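Printed here is entry_34.cif (mmCIF, C-alpha atoms):
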```cif
data_upload
loop_
_atom_site.label_atom_id
_atom_site.label_comp_id
_atom_site.auth_asym_id
_atom_site.auth_seq_id
_atom_site.Cartn_x
_atom_site.Cartn_y
_atom_site.Cartn_z
CA MET A 5 -21.71 23.77 -35.62
CA LYS A 6 -20.17 26.94 -34.31
CA LEU A 7 -19.32 26.74 -30.65
CA ALA A 8 -19.62 29.87 -28.58
CA ARG A 9 -16.37 31.43 -27.43
CA THR A 10 -17.74 31.25 -23.89
CA VAL A 11 -17.67 27.44 -23.98
CA PHE A 12 -13.88 27.65 -23.81
CA HIS A 13 -13.04 31.03 -22.34
CA ASP A 14 -14.29 33.26 -19.56
CA ASP A 15 -15.49 36.66 -20.65
CA GLN A 16 -12.61 38.94 -21.66
CA GLN A 17 -9.97 36.27 -21.06
CA GLN A 18 -7.80 34.56 -23.66
CA HIS A 19 -6.84 31.40 -21.81
CA LEU A 20 -9.08 28.38 -21.31
CA ASN A 21 -11.64 28.60 -18.53
CA LEU A 22 -11.41 26.55 -15.34
CA TRP A 23 -13.62 23.73 -16.67
CA TRP A 24 -11.25 23.06 -19.55
CA GLN A 25 -8.17 23.49 -17.40
CA GLY A 26 -9.59 20.92 -15.00
CA SER A 27 -10.46 18.60 -17.89
CA LEU A 28 -6.94 18.95 -19.26
CA PHE A 29 -5.46 18.12 -15.88
CA LEU A 30 -7.62 15.00 -15.67
CA ALA A 31 -6.92 14.08 -19.30
CA VAL A 32 -3.18 14.04 -18.55
CA PHE A 33 -3.86 11.86 -15.51
CA LEU A 34 -5.97 9.64 -17.76
CA ALA A 35 -3.15 9.30 -20.30
CA ILE A 36 -0.68 8.28 -17.57
CA ASN A 37 -3.32 5.99 -16.13
CA MET A 38 -3.94 4.27 -19.49
CA LEU A 39 -0.22 3.54 -19.70
CA LEU A 40 -0.34 1.96 -16.24
CA TYR A 41 -3.51 0.06 -17.19
CA GLY A 42 -1.67 -1.43 -20.15
CA VAL A 43 1.41 -2.61 -18.27
CA ASP A 44 0.24 -3.30 -14.71
CA GLN A 45 -1.94 -6.41 -14.54
CA ARG A 46 -2.52 -6.44 -10.78
CA VAL A 47 -6.11 -6.93 -9.63
CA LEU A 48 -8.06 -5.21 -6.84
CA ALA A 49 -11.64 -6.09 -5.88
CA ASP A 50 -12.26 -8.32 -8.85
CA GLU A 51 -11.04 -5.94 -11.55
CA LEU A 52 -7.77 -4.61 -12.93
CA LEU A 53 -6.15 -2.22 -10.48
CA TRP A 54 -6.11 0.82 -12.78
CA ALA A 55 -9.59 0.30 -14.28
CA LYS A 56 -11.39 2.26 -11.57
CA PRO A 57 -9.31 5.47 -11.82
CA VAL A 58 -9.71 5.33 -15.62
CA LYS A 59 -13.52 5.15 -15.30
CA PHE A 60 -13.65 8.00 -12.80
CA GLU A 61 -11.30 10.19 -14.83
CA ILE A 62 -13.45 9.74 -17.94
CA SER A 63 -16.63 10.35 -15.96
CA VAL A 64 -15.38 13.57 -14.30
CA ILE A 65 -13.98 14.88 -17.60
CA ILE A 66 -17.40 14.32 -19.22
CA HIS A 67 -19.04 16.10 -16.25
CA PHE A 68 -16.70 19.11 -16.52
CA ILE A 69 -17.13 19.40 -20.29
CA THR A 70 -20.91 19.11 -19.95
CA LEU A 71 -20.99 21.95 -17.45
CA ALA A 72 -18.56 24.05 -19.54
CA VAL A 73 -20.74 23.67 -22.63
CA LEU A 74 -24.08 24.17 -20.88
CA ALA A 75 -22.87 27.13 -18.78
CA SER A 76 -22.17 28.92 -22.07
CA LEU A 77 -25.96 29.05 -22.55
CA LEU A 78 -26.23 31.39 -19.56
CA ASN A 79 -26.32 35.12 -20.10
CA PRO A 80 -22.97 36.84 -19.35
CA ALA A 81 -24.18 38.38 -16.08
CA ARG A 82 -25.22 34.99 -14.63
CA ARG A 83 -22.18 33.20 -16.05
CA SER A 84 -19.69 35.62 -14.53
CA GLY A 85 -21.72 36.14 -11.36
CA ARG A 86 -20.22 35.31 -7.99
CA ALA A 87 -22.57 32.35 -7.36
CA TRP A 88 -21.65 30.44 -10.52
CA LYS A 89 -17.94 31.34 -10.20
CA THR A 90 -17.88 29.98 -6.64
CA MET A 91 -19.69 26.83 -7.72
CA THR A 92 -17.21 26.37 -10.58
CA TYR A 93 -14.27 26.48 -8.16
CA GLY A 94 -16.00 24.09 -5.78
CA VAL A 95 -16.91 21.54 -8.45
CA VAL A 96 -13.50 21.56 -10.16
CA ALA A 97 -11.71 21.24 -6.81
CA ALA A 98 -14.02 18.37 -5.79
CA GLY A 99 -13.56 16.54 -9.10
CA ILE A 100 -9.77 16.80 -8.97
CA PHE A 101 -9.72 15.71 -5.34
CA GLU A 102 -11.86 12.62 -6.09
CA VAL A 103 -9.72 11.52 -9.00
CA MET A 104 -6.42 12.13 -7.23
CA TYR A 105 -7.49 10.13 -4.19
CA ILE A 106 -8.79 7.23 -6.31
CA PHE A 107 -5.51 7.28 -8.25
CA LEU A 108 -3.46 7.39 -5.04
CA GLN A 109 -5.38 4.47 -3.54
CA ALA A 110 -4.91 2.44 -6.72
CA ALA A 111 -1.16 3.14 -6.51
CA ARG A 112 -1.27 1.86 -2.91
CA VAL A 113 -3.34 -1.18 -4.02
CA ARG A 114 -6.06 -0.09 -1.59
CA GLU A 115 -9.78 0.46 -2.04
CA SER A 116 -10.94 4.08 -2.19
CA HIS A 117 -14.68 3.48 -1.72
CA PHE A 118 -16.16 1.74 1.34
CA ASN A 119 -12.69 1.68 2.87
CA ILE A 120 -12.81 2.75 6.49
CA SER A 121 -10.10 0.41 7.72
CA THR A 122 -7.82 3.21 8.96
CA VAL A 123 -8.62 6.63 10.42
CA VAL A 124 -7.11 8.42 7.42
CA GLU A 125 -8.98 6.25 4.91
CA SER A 126 -12.19 6.71 6.84
CA VAL A 127 -11.78 10.52 6.81
CA MET A 128 -10.87 10.46 3.13
CA TYR A 129 -13.93 8.36 2.29
CA GLY A 130 -16.06 10.91 4.14
CA LEU A 131 -14.39 13.74 2.19
CA MET A 132 -15.05 11.85 -1.04
CA GLY A 133 -18.72 11.79 -0.10
CA ILE A 134 -18.70 15.57 0.42
CA GLY A 135 -16.85 15.97 -2.89
CA ALA A 136 -19.46 13.86 -4.68
CA VAL A 137 -22.27 15.98 -3.23
CA ILE A 138 -20.51 19.17 -4.42
CA LEU A 139 -20.15 17.67 -7.91
CA VAL A 140 -23.87 16.95 -8.05
CA LEU A 141 -24.87 20.27 -6.47
CA GLY A 142 -22.93 22.06 -9.20
CA SER A 143 -24.95 20.43 -11.96
CA PHE A 144 -28.24 20.94 -10.07
CA PHE A 145 -27.42 24.62 -9.55
CA LEU A 146 -26.59 25.08 -13.23
CA GLY A 147 -29.89 23.37 -14.09
CA CYS A 148 -31.73 25.92 -11.91
CA LEU A 149 -29.89 28.83 -13.55
CA LEU A 150 -30.70 27.47 -17.01
CA PHE A 151 -34.33 27.05 -16.06
CA GLN A 152 -34.48 30.71 -14.96
CA GLU A 153 -32.91 31.59 -18.29
CA TYR A 154 -35.50 29.47 -20.13
CA ARG A 155 -38.35 31.28 -18.40
CA THR A 156 -37.13 34.60 -19.78
CA LYS A 157 -36.47 33.38 -23.32
CA ARG A 158 -38.70 30.48 -24.37
CA ASN A 159 -38.48 28.65 -27.71
CA GLN A 160 -35.13 27.10 -26.94
CA PRO A 161 -35.38 23.30 -26.66
CA LEU A 162 -31.69 22.98 -25.81
CA LEU A 163 -32.10 25.33 -22.85
CA PHE A 164 -35.19 23.52 -21.56
CA ALA A 165 -33.78 20.02 -22.05
CA SER A 166 -30.49 21.02 -20.41
CA ALA A 167 -32.25 22.55 -17.42
CA ILE A 168 -34.44 19.52 -16.69
CA GLY A 169 -31.69 17.04 -17.60
CA LEU A 170 -29.31 18.61 -15.10
CA MET A 171 -31.88 19.01 -12.35
CA ILE A 172 -33.53 15.57 -12.59
CA GLY A 173 -30.21 13.81 -13.29
CA SER A 174 -28.67 15.47 -10.22
CA ILE A 175 -31.56 14.55 -7.94
CA LEU A 176 -31.55 10.91 -9.10
CA THR A 177 -27.77 10.69 -8.79
CA LEU A 178 -27.94 12.10 -5.28
CA ILE A 179 -30.61 9.56 -4.25
CA ILE A 180 -28.82 6.55 -5.74
CA ALA A 181 -25.28 7.56 -4.79
CA GLY A 182 -26.52 8.55 -1.32
CA TYR A 183 -28.02 5.09 -0.80
CA LEU A 184 -24.91 3.44 -2.25
CA SER A 185 -22.60 5.33 0.10
CA SER A 186 -24.74 4.42 3.11
CA GLN A 187 -23.88 0.75 2.48
CA THR A 188 -20.79 -0.84 3.94
CA ASP A 189 -19.76 -2.32 0.61
CA ASN A 190 -20.97 -2.38 -3.00
CA GLY A 191 -23.63 -4.91 -1.96
CA ILE A 192 -23.05 -7.48 -4.67
CA THR A 193 -23.69 -10.92 -3.14
CA GLU A 194 -21.32 -13.82 -3.33
CA ASN A 195 -23.17 -15.67 -6.08
CA ALA A 196 -22.67 -12.64 -8.31
CA SER A 197 -19.56 -14.34 -9.66
CA GLU A 198 -21.94 -16.54 -11.68
CA ALA A 199 -23.82 -13.55 -13.07
CA LEU A 200 -23.23 -12.09 -16.51
CA ARG A 201 -21.07 -9.01 -16.54
CA VAL A 202 -21.05 -6.04 -18.90
CA PRO A 203 -17.65 -5.70 -20.58
CA VAL A 204 -15.66 -2.54 -19.83
CA PHE A 205 -18.12 -1.30 -17.20
CA GLY A 206 -17.87 -4.47 -15.12
CA TRP A 207 -21.54 -4.31 -14.06
CA TYR A 208 -23.29 -7.46 -12.83
CA LEU A 209 -26.50 -8.29 -14.67
CA ASN A 210 -28.14 -10.05 -11.71
CA GLY A 211 -30.34 -7.07 -10.87
CA GLN A 212 -28.34 -6.16 -7.76
CA ASP A 213 -25.85 -3.75 -9.23
CA LEU A 214 -26.61 -0.17 -8.17
CA ARG A 215 -23.92 1.14 -10.47
CA ILE A 216 -26.27 0.66 -13.44
CA PRO A 217 -29.01 3.12 -12.31
CA HIS A 218 -26.25 5.38 -10.95
CA PHE A 219 -24.63 5.50 -14.39
CA PHE A 220 -27.85 6.30 -16.24
CA ALA A 221 -28.95 8.88 -13.64
CA THR A 222 -25.63 10.69 -13.96
CA HIS A 223 -25.58 10.55 -17.73
CA MET A 224 -29.11 11.90 -18.03
CA MET A 225 -27.22 15.16 -17.65
CA GLN A 226 -25.67 14.57 -21.07
CA LEU A 227 -28.40 12.59 -22.84
CA LEU A 228 -31.25 15.06 -22.36
CA PRO A 229 -29.21 18.12 -23.44
CA LEU A 230 -28.11 16.11 -26.51
CA TYR A 231 -31.74 15.39 -27.30
CA GLY A 232 -32.52 19.09 -26.84
CA PHE A 233 -29.67 19.93 -29.16
CA TRP A 234 -31.04 17.54 -31.78
CA LEU A 235 -34.44 19.19 -31.48
CA SER A 236 -32.92 22.65 -31.83
CA GLN A 237 -31.01 21.53 -34.93
CA LYS A 238 -34.36 20.45 -36.36
CA HIS A 239 -35.50 24.03 -35.70
CA ARG A 240 -38.34 22.85 -33.54
CA ALA A 241 -39.56 25.55 -31.26
CA VAL A 242 -40.47 24.62 -27.71
CA ASP A 243 -44.16 24.99 -28.20
CA GLY A 244 -46.57 23.27 -25.85
CA ALA A 245 -46.29 19.90 -27.64
CA CYS A 246 -42.51 19.91 -27.71
CA GLU A 247 -42.29 20.90 -24.08
CA THR A 248 -44.71 18.12 -23.15
CA ARG A 249 -42.65 15.65 -25.18
CA LEU A 250 -39.48 16.59 -23.33
CA VAL A 251 -41.24 16.29 -19.99
CA TRP A 252 -42.59 12.85 -20.95
CA ILE A 253 -39.19 11.60 -22.06
CA THR A 254 -37.64 12.87 -18.85
CA GLY A 255 -40.40 11.24 -16.81
CA ILE A 256 -40.06 7.87 -18.55
CA SER A 257 -36.25 7.91 -18.25
CA ALA A 258 -36.44 8.83 -14.57
CA SER A 259 -39.01 6.08 -13.95
CA VAL A 260 -36.85 3.44 -15.62
CA ILE A 261 -33.83 4.56 -13.57
CA LEU A 262 -35.86 4.51 -10.35
CA ALA A 263 -37.23 1.06 -11.24
CA LEU A 264 -33.67 -0.24 -11.74
CA PHE A 265 -32.72 1.33 -8.42
CA VAL A 266 -35.65 -0.23 -6.54
CA LEU A 267 -34.98 -3.60 -8.19
CA ALA A 268 -31.35 -3.47 -7.07
CA VAL A 269 -32.26 -2.44 -3.51
CA PHE A 270 -34.85 -5.21 -3.07
CA SER A 271 -32.89 -8.00 -4.70
CA ARG A 272 -29.97 -7.59 -2.30
CA MET B 8 24.77 21.04 14.32
CA SER B 9 24.07 17.31 13.91
CA PHE B 10 23.04 15.69 10.62
CA GLU B 11 19.59 15.13 12.08
CA GLN B 12 19.26 18.84 12.89
CA LEU B 13 20.51 19.80 9.43
CA PHE B 14 17.98 17.41 7.88
CA SER B 15 15.18 18.90 9.91
CA SER B 16 16.21 22.54 9.21
CA ALA B 17 16.58 21.94 5.47
CA SER B 18 13.20 20.17 5.29
CA THR B 19 11.47 22.98 7.22
CA LEU B 20 13.03 25.61 4.98
CA ALA B 21 11.92 23.76 1.85
CA MET B 22 8.44 23.32 3.31
CA LEU B 23 8.22 27.08 3.88
CA GLY B 24 9.06 27.58 0.21
CA TRP B 25 6.35 25.14 -0.91
CA ILE B 26 3.73 26.79 1.33
CA ILE B 27 4.54 30.18 -0.23
CA LEU B 28 4.44 28.67 -3.71
CA ILE B 29 1.15 26.82 -3.27
CA PHE B 30 -0.91 29.06 -1.00
CA LEU B 31 0.32 32.64 -0.94
CA PRO B 32 -0.48 35.34 -3.51
CA ARG B 33 1.96 35.94 -6.35
CA ARG B 34 1.52 39.69 -6.57
CA TRP B 35 4.45 40.43 -4.25
CA SER B 36 7.59 39.82 -6.29
CA GLY B 37 9.79 39.83 -3.17
CA LEU B 38 7.82 36.93 -1.71
CA ASN B 39 8.05 34.99 -4.98
CA LEU B 40 11.83 35.20 -4.84
CA LEU B 41 11.91 33.16 -1.64
CA PRO B 42 10.81 29.79 -3.12
CA ALA B 43 12.04 30.53 -6.64
CA LEU B 44 15.54 31.67 -5.77
CA LEU B 45 16.57 32.33 -2.20
CA ILE B 46 15.62 29.03 -0.54
CA PRO B 47 17.01 26.86 -3.39
CA LEU B 48 20.24 28.89 -3.15
CA ILE B 49 20.52 28.36 0.61
CA LEU B 50 19.88 24.63 0.12
CA SER B 51 22.44 24.55 -2.69
CA LEU B 52 24.99 26.13 -0.37
CA LEU B 53 24.32 23.48 2.27
CA TYR B 54 24.56 20.75 -0.38
CA SER B 55 27.88 22.11 -1.64
CA PHE B 56 29.30 22.09 1.87
CA LEU B 57 28.17 18.51 2.51
CA ILE B 58 29.58 17.28 -0.78
CA ALA B 59 32.93 19.02 -0.33
CA ARG B 60 33.31 17.91 3.27
CA TYR B 61 31.94 14.33 3.23
CA PHE B 62 31.30 12.96 -0.27
CA PHE B 63 34.83 11.80 -1.08
CA SER B 64 35.35 10.09 2.25
CA ALA B 65 32.28 7.89 1.73
CA GLU B 66 32.40 4.53 0.00
CA GLY B 67 30.30 3.76 -3.03
CA GLY B 68 29.62 5.88 -6.11
CA PHE B 69 27.31 6.48 -9.07
CA ASP B 70 28.59 3.79 -11.44
CA SER B 71 26.18 1.03 -10.36
CA LEU B 72 22.95 0.71 -8.40
CA ALA B 73 24.77 -1.28 -5.71
CA ASN B 74 27.33 1.52 -5.32
CA VAL B 75 24.63 4.17 -5.15
CA GLN B 76 22.93 2.14 -2.43
CA GLN B 77 26.21 1.83 -0.57
CA LEU B 78 26.88 5.57 -0.86
CA PHE B 79 23.53 6.38 0.68
CA THR B 80 24.16 4.18 3.69
CA TYR B 81 26.41 7.02 4.89
CA PRO B 82 24.35 9.62 6.80
CA ALA B 83 26.21 12.60 5.32
CA ALA B 84 25.76 11.30 1.78
CA ALA B 85 22.08 10.49 2.39
CA LEU B 86 21.61 14.00 3.83
CA ALA B 87 23.34 15.54 0.81
CA GLY B 88 21.08 13.49 -1.47
CA TRP B 89 18.00 14.64 0.43
CA VAL B 90 19.08 18.32 0.28
CA HIS B 91 19.69 17.83 -3.45
CA TYR B 92 16.05 16.69 -3.83
CA LEU B 93 14.77 19.57 -1.73
CA ALA B 94 16.74 22.22 -3.63
CA PHE B 95 16.00 20.98 -7.14
CA ASP B 96 12.35 20.07 -6.57
CA LEU B 97 11.67 23.52 -5.11
CA PHE B 98 13.55 25.20 -7.93
CA VAL B 99 11.50 23.22 -10.48
CA GLY B 100 8.35 24.14 -8.52
CA GLY B 101 9.29 27.81 -8.83
CA VAL B 102 9.80 27.45 -12.60
CA VAL B 103 6.49 25.57 -12.94
CA ALA B 104 4.62 28.27 -10.97
CA LYS B 105 6.13 31.07 -13.07
CA GLN B 106 5.32 29.35 -16.38
CA ALA B 107 1.87 28.37 -15.16
CA ASP B 108 1.07 32.00 -14.34
CA LYS B 109 2.31 33.00 -17.77
CA ILE B 110 -0.04 30.62 -19.62
CA GLY B 111 -2.97 31.56 -17.36
CA LEU B 112 -3.27 28.25 -15.51
CA SER B 113 -5.56 28.73 -12.51
CA ARG B 114 -4.06 28.54 -9.01
CA LEU B 115 -6.63 25.83 -8.32
CA ILE B 116 -5.05 23.61 -10.99
CA GLN B 117 -1.53 24.70 -10.09
CA ALA B 118 -1.99 23.56 -6.48
CA PRO B 119 -2.20 19.77 -7.14
CA ILE B 120 0.59 20.02 -9.73
CA LEU B 121 2.83 21.75 -7.20
CA VAL B 122 1.89 19.28 -4.45
CA LEU B 123 2.85 16.43 -6.80
CA THR B 124 6.12 18.19 -7.70
CA PHE B 125 6.80 18.55 -3.98
CA MET B 126 6.05 14.90 -3.26
CA PHE B 127 7.20 13.18 -6.44
CA GLY B 128 9.32 15.81 -8.29
CA PRO B 129 9.50 14.57 -11.89
CA PHE B 130 5.89 13.30 -11.87
CA GLY B 131 4.62 16.81 -11.11
CA TYR B 132 6.91 18.31 -13.71
CA LEU B 133 5.75 15.81 -16.35
CA LEU B 134 2.14 16.57 -15.48
CA PHE B 135 2.73 20.29 -15.85
CA MET B 136 4.57 20.02 -19.16
CA LEU B 137 1.80 17.89 -20.67
CA ILE B 138 -0.85 20.31 -19.38
CA LYS B 139 1.15 23.24 -20.74
CA ILE B 140 1.29 21.63 -24.21
CA GLY B 141 -2.45 20.97 -23.97
CA MET B 142 -3.20 24.55 -22.85
CA VAL B 143 -1.31 26.05 -25.76
CA ARG B 144 -2.61 23.55 -28.35
CA PHE B 145 -6.17 23.57 -27.07
CA LYS B 146 -6.27 27.36 -27.05
CA SER B 147 -5.35 27.54 -30.74
CA VAL B 148 -7.75 24.68 -31.63
CA ALA B 149 -10.60 26.41 -29.77
CA ILE B 150 -9.97 29.63 -31.66
CA ASP B 151 -9.51 27.93 -35.05
CA SER B 152 -12.71 25.87 -34.70
CA GLY B 153 -14.80 29.01 -34.57
CA ALA B 154 -14.92 29.55 -30.85
CA GLY B 155 -14.64 33.22 -31.67
CA GLY B 156 -18.38 33.22 -32.41
CA THR B 157 -20.82 34.92 -30.18
CA SER B 158 -22.70 33.11 -27.48
#
```
If you convert what's in this file into structure tokens, what do you get?
Amino acid sequence: MKLARTVFHDDQQQHLNLWWQGSLFLAVFLAINMLLYGVDQRVLADELLWAKPVKFEISVIIHFITLAVLASLLNPARRSGRAWKTMTYGVVAAGIFEVMYIFLQAARVRESHFNISTVVESVMYGLMGIGAVILVLGSFFLGCLLFQEYRTKRNQPLLFASAIGLMIGSILTLIIAGYLSSQTDNGITENASEALRVPVFGWYLNGQDLRIPHFFATHMMQLLPLYGFWLSQKHRAVDGACETRLVWITGISASVILALFVLAVFSR
Amino acid sequence: MSFEQLFSSASTLAMLGWIILIFLPRRWSGLNLLPALLIPLILSLLYSFLIARYFFSAEGGFDSLANVQQLFTYPAAALAGWVHYLAFDLFVGGVVAKQADKIGLSRLIQAPILVLTFMFGPFGYLLFMLIKIGMVRFKSVAIDSGAGGTS
């Protein structure tokens, strides 16, 4: 596979573009964080202190790389246009802010989410919410730009799958994360300690854990483009049948995610 | 001027340098010289005065942690130590900013690195050096792996 130059660099520039610079910044944080994870065994809210920053660093890096790769599908005028440039700055700034605050709170052995115990922490939690919305808006906006691109040049399954993956994934993430942030805590009931937990992720399998639909909604933004990529490697044109197939798969995935969300909301 | 006033003046001066470094444009070379050279030099002058005047009359030393702790119980020595931090952290910040511009690191990414250098000196420097290695390595990897292809 030959990656486009524009995945890594802005037009007419030699150095890495902002997405990769942001990913590099977070990757260095992740490396330092992994070291801390290995040596510091303190626990916060039922899991190792440094586990949460690690998860967020990985998640934001994946988000940045996804947007860097998929933005390279845009035509040069759209990619270097003011709207996408501004969105890029906003999303990278928001992602770095989120990770740095989560890291800082872990260092202070304090919760970052649902923590409104001091004025500063309350303001910071509110800012994290705004940051999260900007992160999701960025992917939704790119989805819209890709969809416009798809309408002008059909027969590109990767373009179509990326556009709907980003748009639907963003909407679902916004709904689930919006509901989650409106709660005063993560909503897992006391008897959850008896429930099975998923290793690494730490999810509870008692049907109440909103992090599960949140995870799949967010990562629809990677899974659907990957499926589109697989289709394009098979040289399948986006004819009517292929387009319908992609829409069906998106619909089924979104329904499953919404069902998990509704299940979690009503079993609380 | 009291030690407290010197502490406050030195901190304000250093803060001015950090604000220039983090927020202001780099296209005016005269302005860049303030945080990169002039302010660290003024702080170094203050440090030199404090050391020459007070250091050798204070008890304690650098040979053990207990002695270092004892040394810093003296206000003049603690002030000198603080000015040392201010001068060197800002100087390192100036070097980081210059090198970061050279490798094309965005001001958006430079800002948190410089804030961390301001707050936690060596941590910010470590972060920058690792990012710098990554920038240089990643650039060559991206080109070698065929990123020179067309979009």
Once you add 3 Å to each side, what are the centre and edge lengths of the axis-aligned box holding all listed atoms of region 209-218 of chain A? One decimal in Å, as AutoDock Vina command-line options, if you can.
```
--center_x -27.1 --center_y -2.3 --center_z -11.2 --size_x 12.4 --size_y 21.4 --size_z 12.9
```
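Residues matched by the PyMOL selection byres ((chain B and resi 30) around 12) in this file: B:Met22, B:Leu23, B:Gly24, B:Trp25, B:Ile26, B:Ile27, B:Leu28, B:Ile29, B:Leu31, B:Pro32, B:Arg33, B:Leu38, B:Asn39, B:Pro42, B:Ala104, B:Arg114, B:Leu115, B:Gln117, B:Ala118, B:Pro119, B:Leu121, B:Val122.
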Same residues, C-alpha atoms, output as a PDB file, in the frame of the given file:
```pdb
ATOM      1  CA  MET B  22       8.440  23.320   3.310  1.00  0.00           C
ATOM      2  CA  LEU B  23       8.220  27.080   3.880  1.00  0.00           C
ATOM      3  CA  GLY B  24       9.060  27.580   0.210  1.00  0.00           C
ATOM      4  CA  TRP B  25       6.350  25.140  -0.910  1.00  0.00           C
ATOM      5  CA  ILE B  26       3.730  26.790   1.330  1.00  0.00           C
ATOM      6  CA  ILE B  27       4.540  30.180  -0.230  1.00  0.00           C
ATOM      7  CA  LEU B  28       4.440  28.670  -3.710  1.00  0.00           C
ATOM      8  CA  ILE B  29       1.150  26.820  -3.270  1.00  0.00           C
ATOM      9  CA  LEU B  31       0.320  32.640  -0.940  1.00  0.00           C
ATOM     10  CA  PRO B  32      -0.480  35.340  -3.510  1.00  0.00           C
ATOM     11  CA  ARG B  33       1.960  35.940  -6.350  1.00  0.00           C
ATOM     12  CA  LEU B  38       7.820  36.930  -1.710  1.00  0.00           C
ATOM     13  CA  ASN B  39       8.050  34.990  -4.980  1.00  0.00           C
ATOM     14  CA  PRO B  42      10.810  29.790  -3.120  1.00  0.00           C
ATOM     15  CA  ALA B 104       4.620  28.270 -10.970  1.00  0.00           C
ATOM     16  CA  ARG B 114      -4.060  28.540  -9.010  1.00  0.00           C
ATOM     17  CA  LEU B 115      -6.630  25.830  -8.320  1.00  0.00           C
ATOM     18  CA  GLN B 117      -1.530  24.700 -10.090  1.00  0.00           C
ATOM     19  CA  ALA B 118      -1.990  23.560  -6.480  1.00  0.00           C
ATOM     20  CA  PRO B 119      -2.200  19.770  -7.140  1.00  0.00           C
ATOM     21  CA  LEU B 121       2.830  21.750  -7.200  1.00  0.00           C
ATOM     22  CA  VAL B 122       1.890  19.280  -4.450  1.00  0.00           C
TER      23      VAL B 122
END
```
Q: Using only C-alpha atoms, pick whichever of B:Met136, B:Ile116, B:Leu20, B:Ile46 has the shortest atom-to-atom distance to chain A.
A: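 Of B:Met136, B:Ile116, B:Leu20, B:Ile46, the one nearest chain A, counting only C-alpha atoms, is B:Ile116.
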Q: Work out how far apart CA of Arg155 (chain A) and CA of Arg82 (chain A) are and give it in Å to one decimal.
A: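 We find that CA of Arg155 (chain A) and CA of Arg82 (chain A) lie 14.2 Å from each other.
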**Q.** Nearby residues (all atoms listed in the file) at most 12 Å from Ala98 (chain A), same-chain spacing under 3 positions excluded, as a list of chain:residue names
**A.**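 So the residues in contact are A:Gly26, A:Val64, A:His67, A:Phe68, A:Met91, A:Thr92, A:Tyr93, A:Gly94, A:Val95, A:Phe101, A:Glu102, A:Val103, A:Met104, A:Tyr105, A:Leu131, A:Met132, A:Gly133, A:Ile134, A:Gly135, A:Ala136, A:Val137, A:Ile138, A:Leu139, A:Val140, A:Leu141, A:Gly142, B:Leu115, B:Ile116, B:Pro119.
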Q | Selection result for the PyMOL selection byres ((chain B and resi 44) around 10) on this file, as a list in words | A | Gly24, Asn39, Leu40, Leu41, Pro42, Ala43, Leu45, Ile46, Pro47, Leu48, Ile49, Ala94, Leu97, Phe98, Gly101 and Val102 of chain B
Q | All residues 12 Å or closer to Val43 (chain A), all atoms listed in the file, same chain fewer than 6 positions away omitted, as a ChimeraX atom specification | A | /A:36-37,52-54
Selection result of the PyMOL selection byres ((chain A) within 8 of (chain B)) on this file, as a CSV table (one decimal) with C-alpha atoms, keeping the file's coordinate frame:
```
chain,number,residue,atom,x,y,z
A,6,LYS,CA,-20.2,26.9,-34.3
A,7,LEU,CA,-19.3,26.7,-30.6
A,8,ALA,CA,-19.6,29.9,-28.6
A,9,ARG,CA,-16.4,31.4,-27.4
A,10,THR,CA,-17.7,31.2,-23.9
A,11,VAL,CA,-17.7,27.4,-24.0
A,12,PHE,CA,-13.9,27.6,-23.8
A,19,HIS,CA,-6.8,31.4,-21.8
A,20,LEU,CA,-9.1,28.4,-21.3
A,22,LEU,CA,-11.4,26.6,-15.3
A,25,GLN,CA,-8.2,23.5,-17.4
A,26,GLY,CA,-9.6,20.9,-15.0
A,28,LEU,CA,-6.9,19.0,-19.3
A,29,PHE,CA,-5.5,18.1,-15.9
A,32,VAL,CA,-3.2,14.0,-18.6
A,33,PHE,CA,-3.9,11.9,-15.5
A,76,SER,CA,-22.2,28.9,-22.1
A,77,LEU,CA,-26.0,29.0,-22.6
A,93,TYR,CA,-14.3,26.5,-8.2
A,97,ALA,CA,-11.7,21.2,-6.8
```
Q | Spatial neighbours of region 61-73 of chain B, 12 Å, all atoms listed in the file, chain gap at least 4 places, as an MDAnalysis selection string | A | chainID B and resid 10 53:57 77:88
Q: Extract, using all atoms listed in the file, all DNA, RNA and protein residues at most 8 Å from Ala17 (chain B), discarding same-chain residues fewer than 2 positions from it, and format them as a list in words.
A: Leu13, Phe14, Ser15, Thr19, Leu20, Ala21, Leu50, Val90 and Leu93 of chain B
